[in-house]
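Below is one structure, written out as structure tokens, with a few remarks after it.
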Amino acid sequence: MGNNQYINRELSWLQFNARVLQEAEDESVPLIERLRFLGIFSNNLDEFFKVRYATIKRIDLAGKSAKSILGGIKASKLLEEITQIVIEQQSESLQVLHSIQEQLKDHNIYIINENQVSESQEAFIKNYFLSKVSPALVTIILNDLVDIPSLKDSAAYLAVKMVMKEEIPQQGISKLLNRHIHDKKYVLIEIPRSIDRFVVLPKEDGKQYIILLDDLIRFNLKTIFNIFEYESVTAHMIKITRDAELDIDSDLSKSFIEKITLSVQDRLKGDPVRFVYDMNIGEDTLAFLMGKMGIDSTDSIIPGGRYHNRRDYMNFPNLGNDKLLYPAIEPLPIKGLVLQGSLLGMIAKKDYLLYAPYQTFAYVVKFLREAALDPIVRSIKITIYRLAKISHIASSLINAVKNGKKSNCTNRA
């Protein structure tokens with residue numbers, strides 16, 4: 001660090017995320033809550049690479065060291081250091097996950113893979129695949145494509161390798177039509193986001209079984225590729241994270257809203273900044289994919305476990321076992337403030353202080369709903385952090401705009 005008095009913020013942030021991982025390791029935390037902390041840890045890393053790592057990579061590609069603003073570390077060195085730290089953290093998170101899964105067995109909860117499916121579970125899994133999963137699958141054969149299709153940011157894919165059987169040409173057909181023995185086909189299967197990642201199987205002998213959607217698809221590979229004659233088929237998970245930093249151009253002819261809109265659209269085709277793969281994938285498959293995707297040494301290439309997108313563990317099913325969760329606490333009301341009356345009228349007479357999450361957030365939503373309707377209100381300005389997918393706050397602000405009010409919202413995500 002030399003004489004620089006500052007600690008690099010990216011490395012500091014990774015240490016913060018390590019403390020999230022410690023919550024997943026903590027034996028005093030309920031088991032399913034520990035899985036959810038693993039999900040938070042993984043989700044945090046995704047966001048880190050999309051913006052923070054992407055910014056450092058841009059600095060490096062521009063040929064700048066930026067030591068003065070990076071805590072005394074060169075951009076190129078910082079990229080290497082980040083990758084090494086993340087590899088170590090990912091390895092630790094895999095050990096934590098394995099430990100939690102073993103402890104879940106003490107509560108008759110078993111997470112199984114495609115090789116552990118029983119005969120009684122097979123019919124359910126095949127029917128589930130045909131009725132729900134198969135119609136949602138996107139499957140792409142890569143061999144004859146010059147460029148690989150643009151992979152979605154942070155989506156999970158199964159990289160499939162089929163080793164084909166030797167084809168014996170029919171009599172009268174040129175031997176040139178005969179394929180080489182062990183011809184290979186490479187395929188990508190996108191794991192659908194529209195289907196729950198954790199498929200809960202019927203109980204057996206008082207035991208609850210769960211199979212991940214990835215393994216359910218692996219179990220049905222023969223069904224997916226039944227038109228091909230192959231000797232073997234293997235599937236390993238990969239994912240990429242794209243540069244999601246916003247680029248706001250200086251074109252004065254465009255409004256700020258137009259610039260933001262275009263910048264957000266560009267996120268869909270941002271350059272890859274991280275490539276995570278199952279460390280057990282074949283070297284030939286890995287080399288083929290990296291060549292097709294243009295992954296190079298300036299990207300963060302991270303060998304991981306069998307499963308990626310562990311952020312989905314934030315939504316791990318509770319299975320009706322409240323003992324494996326933190327006890328639910330009902331939010332308290334605010335004394336003297338009632339949701340049935342006009343909040344604007346009540347706060348005009350007296351100030352109230354809300355302690356979230358100990359007191360119900362419904363007061364805030366009610367306040368914004370009233371403001372969206374009140375003819376006296378001309379504008380609403382708000383700074384918000386991490387909106388929900390279905391956000392009552394956003395809905396209230398949209399309602400205000402439709403009623404002719406100005407709404408200025410700053411998202412501090």
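Each chain in the structure tokens gets a letter, A, B, ..., in the order shown, and its residues are numbered from 1; ligands are numbered from 1 in order too.
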**Q.** Per-residue DSSP, stretch 82-185 of chain A, filtered to strand (DSSP E), as a VMD selection string
**A.** chain A and resid 109 to 112 138 to 141 156 to 164 184 to 185
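Near stretch 213-224 of chain A, within 6 Å and counting only C-alpha atoms, sit Asn113, Glu114 and Arg197 of chain A, not including residues fewer than 4 positions from it in the same chain.
The space between atom CA of A:Ser42 and atom CA of A:Arg311 spans 5.0 Å.
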Q: Tell me which protein, DNA and RNA residues are within 8 Å of stretch 187-190 of chain A, counting only C-alpha atoms, leaving out same-chain ones fewer than 2 positions away, and put them as number ranges by chain.
A: A: 137-143, 155-161, 185, 192
Keeping only C-alpha atoms, take the residues you just selected and write them out as a tab-separated table (two decimals), in the first residue's frame.
chain	number	residue	atom	x	y	z
A	137	LEU	CA	-36.14	-25.11	-22.30
A	138	VAL	CA	-33.88	-23.25	-24.72
A	139	THR	CA	-31.39	-25.73	-26.21
A	140	ILE	CA	-28.67	-24.58	-28.64
A	141	ILE	CA	-26.28	-26.83	-30.61
A	142	LEU	CA	-23.03	-24.91	-30.91
A	143	ASN	CA	-20.84	-26.88	-33.34
A	155	ALA	CA	-28.20	-16.96	-16.15
A	156	ALA	CA	-27.12	-20.56	-15.54
A	157	TYR	CA	-26.46	-22.92	-18.43
A	158	LEU	CA	-25.74	-26.61	-18.71
A	159	ALA	CA	-22.83	-27.15	-21.09
A	160	VAL	CA	-23.53	-30.54	-22.66
A	161	LYS	CA	-21.04	-32.74	-24.53
A	185	LYS	CA	-21.50	-32.25	-30.25
A	192	PRO	CA	-35.33	-21.65	-16.99
Contact residues around A:Val86 with only C-alpha atoms at 9 Å, ignoring same-chain residues under 6 positions, as a tab-separated table (two decimals) with N, CA and C atoms, in the first residue's frame:
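Dumped everything to around39.tsv:
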chain	number	residue	atom	x	y	z
A	14	LEU	N	-15.06	-7.14	-0.46
A	14	LEU	CA	-14.98	-8.60	-0.44
A	14	LEU	C	-14.89	-9.13	0.98
A	45	LEU	N	-21.96	-11.23	-4.77
A	45	LEU	CA	-20.84	-11.39	-5.69
A	45	LEU	C	-21.25	-11.06	-7.13
A	302	ILE	N	-13.31	-18.44	-12.95
A	302	ILE	CA	-13.39	-19.03	-11.61
A	302	ILE	C	-13.90	-20.46	-11.69
Q | Among the residues A:Ile382, A:Leu387, A:Val200, A:Leu339, the one that comes closest to A:Lys406 [using only C-alpha atoms] | A | A:Ile382
Which residues are close to A:Asp205, i.e. within 12 Å by only C-alpha atoms, leaving aside same-chain residues fewer than 5 positions away? Reply as a PDB file with N, CA and C atoms, in the first residue's frame.
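And here is the file that came out, selection30.pdb:
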ATOM      1  N   ASN A 108     -34.501 -35.051   8.353  1.00  0.00           N
ATOM      2  CA  ASN A 108     -35.194 -35.806   7.296  1.00  0.00           C
ATOM      3  C   ASN A 108     -35.422 -34.987   6.027  1.00  0.00           C
ATOM      4  N   ILE A 109     -34.482 -34.114   5.733  1.00  0.00           N
ATOM      5  CA  ILE A 109     -34.522 -33.340   4.486  1.00  0.00           C
ATOM      6  C   ILE A 109     -33.302 -33.735   3.661  1.00  0.00           C
ATOM      7  N   SER A 120     -39.527 -44.981  -7.303  1.00  0.00           N
ATOM      8  CA  SER A 120     -40.813 -44.356  -6.979  1.00  0.00           C
ATOM      9  C   SER A 120     -40.820 -42.867  -7.339  1.00  0.00           C
TER      10      SER A 120
END
